[in-house]
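**Q** Next comes the structure file work11.cif, holding mmCIF, C-alpha atoms, pLDDT in the B column; chains and numbers go by the auth columns.
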```cif
data_work
#
loop_
_atom_site.group_PDB
_atom_site.id
_atom_site.type_symbol
_atom_site.label_atom_id
_atom_site.label_comp_id
_atom_site.label_asym_id
_atom_site.label_seq_id
_atom_site.Cartn_x
_atom_site.Cartn_y
_atom_site.Cartn_z
_atom_site.B_iso_or_equiv
_atom_site.auth_seq_id
_atom_site.auth_asym_id
ATOM 1 C CA MET A 1 0.000 0.000 0.000 65.00 101 K
ATOM 2 C CA GLU A 2 2.897 2.384 0.691 67.00 102 K
ATOM 3 C CA ASN A 3 3.864 2.027 -2.967 95.00 103 K
ATOM 4 C CA LEU A 4 0.421 3.406 -3.936 97.00 104 K
ATOM 5 C CA TYR A 5 1.196 6.581 -1.997 96.00 105 K
ATOM 6 C CA GLU A 6 4.529 7.106 -3.801 97.00 106 K
ATOM 7 C CA ILE A 7 3.102 6.290 -7.240 98.00 107 K
ATOM 8 C CA SER A 8 0.208 8.684 -6.660 98.00 108 K
ATOM 9 C CA LYS A 9 2.597 11.486 -5.734 98.00 109 K
ATOM 10 C CA LYS A 10 4.637 10.822 -8.868 98.00 110 K
ATOM 11 C CA VAL A 11 1.551 10.763 -11.106 98.00 111 K
ATOM 12 C CA ALA A 12 0.187 13.988 -9.588 98.00 112 K
ATOM 13 C CA SER A 13 3.530 15.754 -9.962 98.00 113 K
ATOM 14 C CA GLU A 14 3.828 14.733 -13.595 98.00 114 K
ATOM 15 C CA LEU A 15 0.227 15.725 -14.342 98.00 115 K
ATOM 16 C CA ILE A 16 0.794 19.167 -12.796 98.00 116 K
ATOM 17 C CA GLU A 17 3.847 19.648 -14.998 98.00 117 K
ATOM 18 C CA LYS A 18 2.533 18.243 -18.280 97.00 118 K
ATOM 19 C CA ALA A 19 -0.935 19.800 -18.004 98.00 119 K
ATOM 20 C CA LYS A 20 0.614 23.115 -16.876 97.00 120 K
ATOM 21 C CA LEU A 21 -1.844 23.263 -13.996 98.00 121 K
ATOM 22 C CA GLN A 22 -2.079 26.453 -11.974 97.00 122 K
ATOM 23 C CA LYS A 23 -3.342 27.448 -8.562 98.00 123 K
ATOM 24 C CA GLY A 24 -7.131 27.307 -8.312 98.00 124 K
ATOM 25 C CA GLN A 25 -7.609 24.816 -11.145 98.00 125 K
ATOM 26 C CA ILE A 26 -9.407 21.502 -10.651 98.00 126 K
ATOM 27 C CA VAL A 27 -8.283 17.935 -11.314 98.00 127 K
ATOM 28 C CA VAL A 28 -10.963 15.244 -11.367 98.00 128 K
ATOM 29 C CA ILE A 29 -9.972 11.722 -10.330 98.00 129 K
ATOM 30 C CA GLY A 30 -12.041 8.642 -10.957 98.00 130 K
ATOM 31 C CA CYS A 31 -10.612 5.615 -9.211 98.00 131 K
ATOM 32 C CA SER A 32 -11.671 1.994 -9.079 97.00 132 K
ATOM 33 C CA THR A 33 -9.854 0.562 -6.082 97.00 133 K
ATOM 34 C CA SER A 34 -11.221 -2.826 -7.152 96.00 134 K
ATOM 35 C CA GLU A 35 -9.179 -2.548 -10.359 97.00 135 K
ATOM 36 C CA VAL A 36 -6.138 -1.243 -8.453 97.00 136 K
ATOM 37 C CA VAL A 37 -6.052 -4.393 -6.298 96.00 137 K
ATOM 38 C CA GLY A 38 -6.640 -6.710 -9.277 95.00 138 K
ATOM 39 C CA ASN A 39 -10.400 -7.279 -9.322 95.00 139 K
ATOM 40 C CA PRO A 40 -13.079 -6.251 -11.834 94.00 140 K
ATOM 41 C CA ILE A 41 -14.426 -2.731 -11.387 93.00 141 K
ATOM 42 C CA GLY A 42 -17.115 -2.479 -8.738 90.00 142 K
ATOM 43 C CA THR A 43 -16.447 -5.841 -7.080 91.00 143 K
ATOM 44 C CA ASN A 44 -13.948 -5.260 -4.263 92.00 144 K
ATOM 45 C CA SER A 45 -13.836 -1.669 -3.045 94.00 145 K
ATOM 46 C CA ASN A 46 -10.650 -1.201 -1.025 95.00 146 K
ATOM 47 C CA PRO A 47 -10.534 1.610 1.576 96.00 147 K
ATOM 48 C CA GLU A 48 -6.820 1.034 2.327 97.00 148 K
ATOM 49 C CA ALA A 49 -5.818 1.513 -1.312 97.00 149 K
ATOM 50 C CA ALA A 50 -8.052 4.576 -1.537 97.00 150 K
ATOM 51 C CA LYS A 51 -6.473 6.119 1.548 97.00 151 K
ATOM 52 C CA GLU A 52 -2.909 5.701 0.269 97.00 152 K
ATOM 53 C CA MET A 53 -3.644 7.023 -3.223 98.00 153 K
ATOM 54 C CA PHE A 54 -5.727 9.917 -1.918 98.00 154 K
ATOM 55 C CA ARG A 55 -2.946 10.879 0.493 97.00 155 K
ATOM 56 C CA GLY A 56 -0.353 10.990 -2.293 97.00 156 K
ATOM 57 C CA PHE A 57 -2.546 12.918 -4.723 98.00 157 K
ATOM 58 C CA LYS A 58 -3.761 15.396 -2.109 98.00 158 K
ATOM 59 C CA GLU A 59 -0.254 16.134 -0.875 98.00 159 K
ATOM 60 C CA MET A 60 0.932 17.085 -4.354 98.00 160 K
ATOM 61 C CA PHE A 61 -2.165 18.992 -5.472 98.00 161 K
ATOM 62 C CA ASP A 62 -2.454 20.886 -2.165 98.00 162 K
ATOM 63 C CA SER A 63 1.180 21.958 -2.432 98.00 163 K
ATOM 64 C CA GLN A 64 0.318 23.765 -5.678 98.00 164 K
ATOM 65 C CA GLY A 65 -3.097 25.122 -4.637 98.00 165 K
ATOM 66 C CA ILE A 66 -4.917 22.803 -7.042 98.00 166 K
ATOM 67 C CA TYR A 67 -8.320 21.412 -6.097 98.00 167 K
ATOM 68 C CA MET A 68 -8.891 17.671 -6.326 98.00 168 K
ATOM 69 C CA ALA A 69 -12.354 16.409 -7.196 98.00 169 K
ATOM 70 C CA ALA A 70 -13.174 12.748 -6.574 98.00 170 K
ATOM 71 C CA GLN A 71 -15.666 11.112 -8.913 98.00 171 K
ATOM 72 C CA CYS A 72 -18.123 8.731 -7.287 97.00 172 K
ATOM 73 C CA CYS A 73 -18.994 5.451 -8.950 93.00 173 K
ATOM 74 C CA GLU A 74 -22.060 4.838 -11.088 89.00 174 K
ATOM 75 C CA HIS A 75 -24.260 4.102 -8.050 90.00 175 K
ATOM 76 C CA LEU A 76 -24.173 7.823 -7.270 93.00 176 K
ATOM 77 C CA ASN A 77 -24.393 8.785 -10.957 92.00 177 K
ATOM 78 C CA ARG A 78 -20.700 9.727 -10.960 95.00 178 K
ATOM 79 C CA ALA A 79 -21.324 12.716 -8.692 97.00 179 K
ATOM 80 C CA ILE A 80 -18.271 14.681 -7.570 98.00 180 K
ATOM 81 C CA VAL A 81 -16.849 15.144 -4.061 98.00 181 K
ATOM 82 C CA ILE A 82 -14.969 18.422 -3.700 98.00 182 K
ATOM 83 C CA GLU A 83 -14.169 21.130 -1.178 98.00 183 K
ATOM 84 C CA ARG A 84 -17.011 23.662 -0.951 98.00 184 K
ATOM 85 C CA GLU A 85 -14.665 26.622 -1.583 97.00 185 K
ATOM 86 C CA ALA A 86 -13.819 25.234 -5.051 98.00 186 K
ATOM 87 C CA VAL A 87 -17.444 25.386 -6.191 97.00 187 K
ATOM 88 C CA PRO A 88 -19.051 28.348 -4.397 94.00 188 K
ATOM 89 C CA TYR A 89 -21.876 28.843 -6.909 95.00 189 K
ATOM 90 C CA MET A 90 -22.710 25.279 -7.888 95.00 190 K
ATOM 91 C CA ASP A 91 -25.829 23.368 -6.898 96.00 191 K
ATOM 92 C CA ILE A 92 -25.002 20.888 -4.161 97.00 192 K
ATOM 93 C CA VAL A 93 -26.646 17.461 -3.961 96.00 193 K
ATOM 94 C CA ASN A 94 -27.460 15.628 -0.761 96.00 194 K
ATOM 95 C CA VAL A 95 -25.708 12.279 -0.557 96.00 195 K
ATOM 96 C CA ILE A 96 -22.819 10.822 1.428 97.00 196 K
ATOM 97 C CA PRO A 97 -20.596 8.361 -0.459 97.00 197 K
ATOM 98 C CA GLN A 98 -19.877 4.940 1.044 95.00 198 K
ATOM 99 C CA SER A 99 -17.555 2.187 -0.177 91.00 199 K
ATOM 100 C CA LYS A 100 -20.383 0.294 -1.899 89.00 200 K
ATOM 101 C CA ALA A 101 -22.269 3.396 -3.106 92.00 201 K
ATOM 102 C CA GLY A 102 -19.844 6.026 -4.283 94.00 202 K
ATOM 103 C CA GLY A 103 -16.644 4.027 -3.996 96.00 203 K
ATOM 104 C CA SER A 104 -13.736 3.961 -1.572 97.00 204 K
ATOM 105 C CA PHE A 105 -11.817 6.811 -3.220 98.00 205 K
ATOM 106 C CA ALA A 106 -14.783 9.209 -3.124 98.00 206 K
ATOM 107 C CA THR A 107 -15.553 8.097 0.428 98.00 207 K
ATOM 108 C CA GLU A 108 -11.974 8.841 1.462 98.00 208 K
ATOM 109 C CA ALA A 109 -12.227 12.303 -0.128 98.00 209 K
ATOM 110 C CA TYR A 110 -15.502 12.998 1.678 98.00 210 K
ATOM 111 C CA ASN A 111 -13.994 11.976 5.018 98.00 211 K
ATOM 112 C CA ALA A 112 -10.696 13.827 4.487 98.00 212 K
ATOM 113 C CA TYR A 113 -11.890 17.193 3.150 98.00 213 K
ATOM 114 C CA SER A 114 -12.475 19.969 5.662 97.00 214 K
ATOM 115 C CA ASP A 115 -15.798 21.044 4.088 98.00 215 K
ATOM 116 C CA PRO A 116 -16.837 18.414 1.526 98.00 216 K
ATOM 117 C CA VAL A 117 -19.800 18.806 -0.784 98.00 217 K
ATOM 118 C CA LEU A 118 -21.144 16.765 -3.674 98.00 218 K
ATOM 119 C CA VAL A 119 -22.176 18.193 -7.027 98.00 219 K
ATOM 120 C CA GLU A 120 -23.675 16.374 -9.987 97.00 220 K
ATOM 121 C CA GLU A 121 -21.140 17.626 -12.481 95.00 221 K
ATOM 122 C CA ILE A 122 -18.048 19.720 -12.849 97.00 222 K
ATOM 123 C CA LYS A 123 -15.843 20.959 -15.684 97.00 223 K
ATOM 124 C CA ALA A 124 -12.310 20.156 -14.551 98.00 224 K
ATOM 125 C CA ASP A 125 -9.061 21.345 -16.112 98.00 225 K
ATOM 126 C CA ALA A 126 -7.396 17.925 -16.045 98.00 226 K
ATOM 127 C CA GLY A 127 -8.157 14.418 -14.926 98.00 227 K
ATOM 128 C CA LEU A 128 -6.979 10.953 -14.002 98.00 228 K
ATOM 129 C CA ASP A 129 -9.011 7.861 -14.847 98.00 229 K
ATOM 130 C CA ILE A 130 -7.799 4.938 -12.761 98.00 230 K
ATOM 131 C CA GLY A 131 -9.351 1.640 -13.819 97.00 231 K
ATOM 132 C CA GLY A 132 -11.838 2.719 -16.491 95.00 232 K
ATOM 133 C CA THR A 133 -14.093 5.001 -14.450 96.00 233 K
ATOM 134 C CA LEU A 134 -15.069 7.271 -17.377 95.00 234 K
ATOM 135 C CA ILE A 135 -14.198 10.779 -16.162 97.00 235 K
ATOM 136 C CA GLY A 136 -14.677 12.448 -19.553 95.00 236 K
ATOM 137 C CA MET A 137 -18.073 13.864 -18.625 96.00 237 K
ATOM 138 C CA HIS A 138 -16.346 15.967 -15.956 97.00 238 K
ATOM 139 C CA LEU A 139 -13.670 17.579 -18.138 98.00 239 K
ATOM 140 C CA LYS A 140 -13.853 20.916 -19.910 97.00 240 K
ATOM 141 C CA LYS A 141 -13.951 20.874 -23.669 93.00 241 K
ATOM 142 C CA VAL A 142 -11.505 20.125 -25.319 95.00 242 K
ATOM 143 C CA ALA A 143 -9.911 17.113 -23.581 96.00 243 K
ATOM 144 C CA VAL A 144 -6.418 16.135 -24.706 97.00 244 K
ATOM 145 C CA PRO A 145 -4.887 12.773 -23.677 97.00 245 K
ATOM 146 C CA LEU A 146 -1.566 12.931 -21.847 97.00 246 K
ATOM 147 C CA LYS A 147 1.103 10.250 -21.805 97.00 247 K
ATOM 148 C CA LEU A 148 2.588 9.891 -18.350 98.00 248 K
ATOM 149 C CA SER A 149 5.586 7.757 -17.404 97.00 249 K
ATOM 150 C CA VAL A 150 3.227 5.654 -15.260 97.00 250 K
ATOM 151 C CA ASP A 151 0.423 3.837 -17.125 97.00 251 K
ATOM 152 C CA HIS A 152 -0.892 1.661 -14.278 97.00 252 K
ATOM 153 C CA ILE A 153 -1.565 2.171 -10.587 97.00 253 K
ATOM 154 C CA GLY A 154 -1.516 -1.273 -9.079 96.00 254 K
ATOM 155 C CA ASN A 155 -3.369 -3.407 -11.634 96.00 255 K
ATOM 156 C CA ALA A 156 -5.538 -0.543 -12.905 97.00 256 K
ATOM 157 C CA ILE A 157 -4.929 1.192 -16.213 98.00 257 K
ATOM 158 C CA LEU A 158 -4.192 4.901 -15.771 98.00 258 K
ATOM 159 C CA ILE A 159 -5.324 7.412 -18.372 98.00 259 K
ATOM 160 C CA ALA A 160 -4.553 11.110 -17.937 98.00 260 K
ATOM 161 C CA ALA A 161 -5.987 14.138 -19.706 98.00 261 K
ATOM 162 C CA ARG A 162 -5.644 17.883 -19.754 98.00 262 K
ATOM 163 C CA THR A 163 -7.947 20.371 -21.403 97.00 263 K
ATOM 164 C CA ARG A 164 -7.286 23.208 -23.781 95.00 264 K
ATOM 165 C CA TYR A 165 -9.257 26.158 -24.995 92.00 265 K
ATOM 166 C CA LYS A 166 -11.407 25.640 -28.096 90.00 266 K
ATOM 167 C CA TYR A 167 -10.007 26.977 -31.337 87.00 267 K
ATOM 168 C CA ILE A 168 -12.468 29.265 -33.050 88.00 268 K
ATOM 169 C CA GLY A 169 -12.195 30.997 -36.384 84.00 269 K
ATOM 170 C CA GLY A 170 -10.925 29.554 -39.587 80.00 270 K
ATOM 171 C CA GLU A 171 -7.821 29.372 -41.707 78.00 271 K
ATOM 172 C CA ARG A 172 -7.057 33.068 -41.133 84.00 272 K
ATOM 173 C CA ALA A 173 -7.291 32.824 -37.348 86.00 273 K
ATOM 174 C CA ILE A 174 -4.164 33.233 -35.259 88.00 274 K
ATOM 175 C CA TYR A 175 -3.876 31.381 -31.937 87.00 275 K
ATOM 176 C CA ASP A 176 -1.962 32.140 -28.746 89.00 276 K
ATOM 177 C CA GLU A 177 0.654 29.362 -28.579 87.00 277 K
ATOM 178 C CA SER A 178 0.951 29.689 -24.783 87.00 278 K
ATOM 179 C CA LEU A 179 -2.680 28.548 -24.388 82.00 279 K
ATOM 180 C CA MET A 180 -2.325 25.350 -26.416 80.00 280 K
#
```
I'd like the structure from this file rewritten - as structure tokens, please.

**A**
Amino acid sequence: MENLYEISKKVASELIEKAKLQKGQIVVIGCSTSEVVGNPIGTNSNPEAAKEMFRGFKEMFDSQGIYMAAQCCEHLNRAIVIEREAVPYMDIVNVIPQSKAGGSFATEAYNAYSDPVLVEEIKADAGLDIGGTLIGMHLKKVAVPLKLSVDHIGNAILIAARTRYKYIGGERAIYDESLM
């Protein structure tokens, strides 16, 4: 389990760098702890694995002032757990995630945050999909896949993404390279 903490820190650090994340931005994480420990998604929620990964991610994101949003599993319609201050104007939903309804990672986030709330959706600046949790619905348009040096956490496939601004205009348009 200690290895999950170190891997999570490494993944978060690399995502911050490659996605050029800045203070105040949001990273959404969907995590199947079942997949991490080698079982099919949704079959063996693992609070210990969730705790170690959450600890590593939170340490890195907090150090840069980046908010971490935890995606619940399908039983809670993939709602998002996040600190209230990150979403001051969003509609909050009333549910408390549990290991078997929300998932261990979202439950860990809910228990660890100082003022956790759940929202039905969010438009994050970057994301990590650990074990095929389908985070795309919670990313801003346009999502761009990122290759990280780590492609698995435990037994779960890791897919990372950042977002970029939409290009508008046509062949005569000029774009700001620093925003790409």

**Q** Is it possible to get the residues within 9 Å of (1.7, 8.2, -0.2) (coordinates as in the file, counting all atoms listed in the file) written as a ChimeraX atom specification?

**A** /K:101-109,151-157,159

**Q** Considering all atoms listed in the file, state which residue in the set K:Lys110, K:Lys240, K:Arg262, K:Lys120 is at the smallest distance from Ser278 in chain K.

**A**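 With all atoms listed in the file as the atom set, the closest residue is K:Lys120.
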
**Q** Pick out the closest residue to Ser204 in chain K from this set: K:Gly232, K:Gly130, K:Pro188, K:Gly227. Count only C-alpha atoms.

**A**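 Closest to Ser204 in chain K, using only C-alpha atoms: K:Gly130.
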
**Q** How many Å separate CA of Gly124 in chain K from CA of Ala212 in chain K?

**A**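 Pair CA of Gly124 in chain K / CA of Ala212 in chain K returns 18.9 Å.
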
**Q** Can you list, as number ranges by chain, every protein, DNA or RNA residue that comes within 10 Å of Met237 in chain K when you count only C-alpha atoms, leaving out same-chain residues fewer than 3 positions away?

**A** K: 178, 221-224, 234, 240-241

**Q** Using the chain letters and residue numbers of this document, give as an NGL selection string the residues selected by the PyMOL selection byres ((chain K and resi 138) around 12).

**A** :K and (132-137 or 139-146 or 149 or 231 or 252-257)

**Q** I need the residues from that last selection saved to file as a compact mmCIF listing (two decimals), in the frame of the given file (with C-alpha atoms), if you can.

**A**
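Below is the file that was written, again-v9.txt:
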```txt
# COMPACT_ATOMS: atom_id res chain seq x y z
CA SER K 132 -11.67 1.99 -9.08
CA THR K 133 -9.85 0.56 -6.08
CA SER K 134 -11.22 -2.83 -7.15
CA GLU K 135 -9.18 -2.55 -10.36
CA VAL K 136 -6.14 -1.24 -8.45
CA VAL K 137 -6.05 -4.39 -6.30
CA ASN K 139 -10.40 -7.28 -9.32
CA PRO K 140 -13.08 -6.25 -11.83
CA ILE K 141 -14.43 -2.73 -11.39
CA GLY K 142 -17.11 -2.48 -8.74
CA THR K 143 -16.45 -5.84 -7.08
CA ASN K 144 -13.95 -5.26 -4.26
CA SER K 145 -13.84 -1.67 -3.04
CA ASN K 146 -10.65 -1.20 -1.02
CA ALA K 149 -5.82 1.51 -1.31
CA GLY K 231 -9.35 1.64 -13.82
CA HIS K 252 -0.89 1.66 -14.28
CA ILE K 253 -1.56 2.17 -10.59
CA GLY K 254 -1.52 -1.27 -9.08
CA ASN K 255 -3.37 -3.41 -11.63
CA ALA K 256 -5.54 -0.54 -12.90
CA ILE K 257 -4.93 1.19 -16.21
```

**Q** On this structure, which residues satisfy the PyMOL selection byres ((chain K and resi 174) around 12), written as a ChimeraX atom specification?

**A** /K:130-132,141-142,171-173,175-180,197,200-203,206,220,232-235

**Q** Go ahead and compute the interatomic distance for CA of Arg184 in chain K and CA of Pro216 in chain K, in Å to one decimal.

**A**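 Answer for the CA of Arg184 in chain K to CA of Pro216 in chain K separation: 5.8 Å.
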
**Q** Please provide as a PDB file with C-alpha atoms, in the frame of the given file all residues within 7 Å of Ala243 in chain K, with the sequence filter that same-chain residues fewer than 6 positions apart are discarded (counting all atoms listed in the file).

**A**
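Contents of the output file out.pdb:
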```pdb
ATOM      1  CA  ALA K 261      -5.987  14.138 -19.706  1.00 98.00           C
ATOM      2  CA  ARG K 262      -5.644  17.883 -19.754  1.00 98.00           C
ATOM      3  CA  THR K 263      -7.947  20.371 -21.403  1.00 97.00           C
ATOM      4  CA  ARG K 264      -7.286  23.208 -23.781  1.00 95.00           C
TER       5      ARG K 264
END
```

**Q** Running the PyMOL selection byres ((chain K and resi 213) around 12) on this model by hand, what would come out? Give it as an mmCIF file with C-alpha atoms, in the frame of the given file.

**A**
```cif
data_model
loop_
_atom_site.group_PDB
_atom_site.id
_atom_site.type_symbol
_atom_site.label_atom_id
_atom_site.label_comp_id
_atom_site.auth_asym_id
_atom_site.auth_seq_id
_atom_site.Cartn_x
_atom_site.Cartn_y
_atom_site.Cartn_z
ATOM 1 C CA PHE K 154 -5.727 9.917 -1.918
ATOM 2 C CA ARG K 155 -2.946 10.879 0.493
ATOM 3 C CA LYS K 158 -3.761 15.396 -2.109
ATOM 4 C CA ASP K 162 -2.454 20.886 -2.165
ATOM 5 C CA TYR K 167 -8.320 21.412 -6.097
ATOM 6 C CA MET K 168 -8.891 17.671 -6.326
ATOM 7 C CA ALA K 169 -12.354 16.409 -7.196
ATOM 8 C CA ALA K 170 -13.174 12.748 -6.574
ATOM 9 C CA VAL K 181 -16.849 15.144 -4.061
ATOM 10 C CA ILE K 182 -14.969 18.422 -3.700
ATOM 11 C CA GLU K 183 -14.169 21.130 -1.178
ATOM 12 C CA ARG K 184 -17.011 23.662 -0.951
ATOM 13 C CA GLU K 185 -14.665 26.622 -1.583
ATOM 14 C CA ALA K 186 -13.819 25.234 -5.051
ATOM 15 C CA ALA K 206 -14.783 9.209 -3.124
ATOM 16 C CA THR K 207 -15.553 8.097 0.428
ATOM 17 C CA GLU K 208 -11.974 8.841 1.462
ATOM 18 C CA ALA K 209 -12.227 12.303 -0.128
ATOM 19 C CA TYR K 210 -15.502 12.998 1.678
ATOM 20 C CA ASN K 211 -13.994 11.976 5.018
ATOM 21 C CA ALA K 212 -10.696 13.827 4.487
ATOM 22 C CA SER K 214 -12.475 19.969 5.662
ATOM 23 C CA ASP K 215 -15.798 21.044 4.088
ATOM 24 C CA PRO K 216 -16.837 18.414 1.526
ATOM 25 C CA VAL K 217 -19.800 18.806 -0.784
ATOM 26 C CA LEU K 218 -21.144 16.765 -3.674
#
```

**Q** Could you tell me how far CA of Met190 in chain K sits from CA of Glu117 in chain K, in Å to one decimal place?

**A**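 Going from CA of Glu117 in chain K over to CA of Met190 in chain K, I get 28.1 Å.
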
**Q** Can you work out which one of K:Ala150, K:Val195, K:Tyr267, K:Lys247 has the shortest atom-to-atom distance to Lys118 in chain K, counting only C-alpha atoms?

**A** K:Lys247

**Q** For Gln125 in chain K, which residue among K:Ile166, K:Val242, K:Phe205, K:Gly270 is the nearest when counting all atoms listed in the file?

**A** K:Ile166

**Q** Excluding Leu279 in chain K and residues on its chain fewer than 3 positions from it, collect all residues at most 9 Å away from it, counting all atoms listed in the file, and give them as an MDAnalysis selection string.

**A** chainID K and resid 264:265 275:276

**Q** For the selection just defined, write its residues with C-alpha atoms to a file, as a PDB file, in the coordinates of the input.

**A**
```
ATOM      1  CA  ARG K 264      -7.286  23.208 -23.781  1.00 95.00           C
ATOM      2  CA  TYR K 265      -9.257  26.158 -24.995  1.00 92.00           C
ATOM      3  CA  TYR K 275      -3.876  31.381 -31.937  1.00 87.00           C
ATOM      4  CA  ASP K 276      -1.962  32.140 -28.746  1.00 89.00           C
TER       5      ASP K 276
END
```

**Q** Rank K:Ile192, K:Val187, K:Met160, K:Ile129 by their smallest atom-to-atom distance to Ala226 in chain K, using only C-alpha atoms, and report the top residue only.

**A**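 Of all the options, K:Ile129 lies closest to Ala226 in chain K.
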
**Q** Let me know the centre plus edge lengths, in Å and rounded to one decimal, of a box with edges along x, y and z that contains all listed atoms of range 173-178 of chain K and is padded by 6 Å on every side, as AutoDock Vina command-line options.

**A**
```
--center_x -21.7 --center_y 6.9 --center_z -9.2 --size_x 17.4 --size_y 17.6 --size_z 15.8
```
